[in-house]
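Have a look at the structure below before the remarks.
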Amino acid sequence: MRFGSDFGMAATGTSVRYGLAAAFKEDTLYYRCRCKRPLARIRHAILSTVTARRGLDGHRAFSLSALVSPYAASTTAVYGWYPDRYGAKDAFRIGNYNLLASIGGNFALEFLYSGPHSFLTRIHMHSMHGAPDQDPRP
């Protein structure tokens with residue numbers, strides 16, 4: 001039952017995230033920071049949780065889809081299959097946990113990444129097709 005609940009939340013959150021991202025023409029995938037300083041990389045991982053790339057130049061901007069999706073997933077779970085047991089406060093709390101988990105995933109992609117054939121890349125399903133190239137140097 002827990003697996004089904006988590007799977008339903010993940011499916012809802014992903015559908016909302018990428019559905020809204022498509023509507024707003026955003027790219028919500030995580031891209032590693034090109035900076036070398038650890039604090040700059042930490043800041044990038046945290047800010048990338050609520051930002052997305054927009055436009056042809058790929059500039060970063062606040063992303064409503066990245067912010068709304070964890071809360072949409074938790075609200076669906078709370079009111080969809082546990083309406084008598086949980087309420088709005090619980091949906092907000094679970095959404096906060098989902099947002100923190102997203103930050104943790106960004107940290108893993110930022111600091112544990114070890115190349116294009118690593119396990120994390122396979123999980124992230126990183127695709128460069130159509131992604132803006134920030135650095136024109138080879």
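A note on labels: chains of the structure tokens are A, B, ... as shown, every chain counts residues from 1, and ligands are counted from 1 in their shown order.
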
If you count only C-alpha atoms, which residues fall within 7 Å of stretch 47-59 of chain A, apart from same-chain ones fewer than 3 positions away, as a list in words?
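Close residues of stretch 47-59 of chain A: Lys25, Glu26, Asp27, Thr28, Tyr30, Arg43, His44, Phe62, Ser63, Ala66, Leu67, Ser102, Ile103 and Pro132 of chain A.
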
Residues of chain A in alpha helix (DSSP H) according to DSSP, as a PyMOL selection string?
chain A and resi 2-24+38-47+64-81+88-111+119-124

What is the atom CA of A:Arg60-atom CA of A:Ile42 distance in Å, reported with one decimal?
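These two atoms are separated by 16.1 Å.
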
Give me, as a PyMOL selection string, all polymer residues having an atom no more than 12 Å from A:Arg2, counting only C-alpha atoms and skipping those fewer than 5 positions away in the same chain.
chain A and resi 7-9+77+81-82

Which one of A:Ala40, A:Ala108, A:Ile46, A:Ala73 sits closest to A:Ala10 if you count only C-alpha atoms?
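Of A:Ala40, A:Ala108, A:Ile46, A:Ala73, the one nearest A:Ala10 is A:Ala73, counting only C-alpha atoms.
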
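Minimum atom-to-atom distance to A:Thr14, evaluated using only C-alpha atoms, belongs to A:Ala72 out of A:Ala72, A:Ala61, A:Leu39, A:Leu112.
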
Taking the backbone alone, and naming residues the way the document does, which bits of chain A are strand (DSSP E or B) by DSSP, as a list of chain:residue names?
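Filtering chain A down to strand (DSSP E or B) leaves A:Glu26, A:Asp27, A:Thr51, A:Ala52, A:Arg53, A:Arg54, A:His59, A:Arg60, A:Ala61, A:Phe62.
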
Suppose you want the space between atom CA of A:Tyr31 and atom CA of A:Tyr18; what is it in Å?
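Answer for the atom CA of A:Tyr31 to atom CA of A:Tyr18 separation: 16.0 Å.
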
When you look at A:Asn98 with a cut-off of 8 Å (counting only C-alpha atoms), what residues show up, excluding the ones that are within fewer than 4 positions of it in the same chain? I need them as a list in words.
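Once the adjacent positions are removed, what remains is Pro70, Tyr71, Ile94 and Ser102 of chain A.
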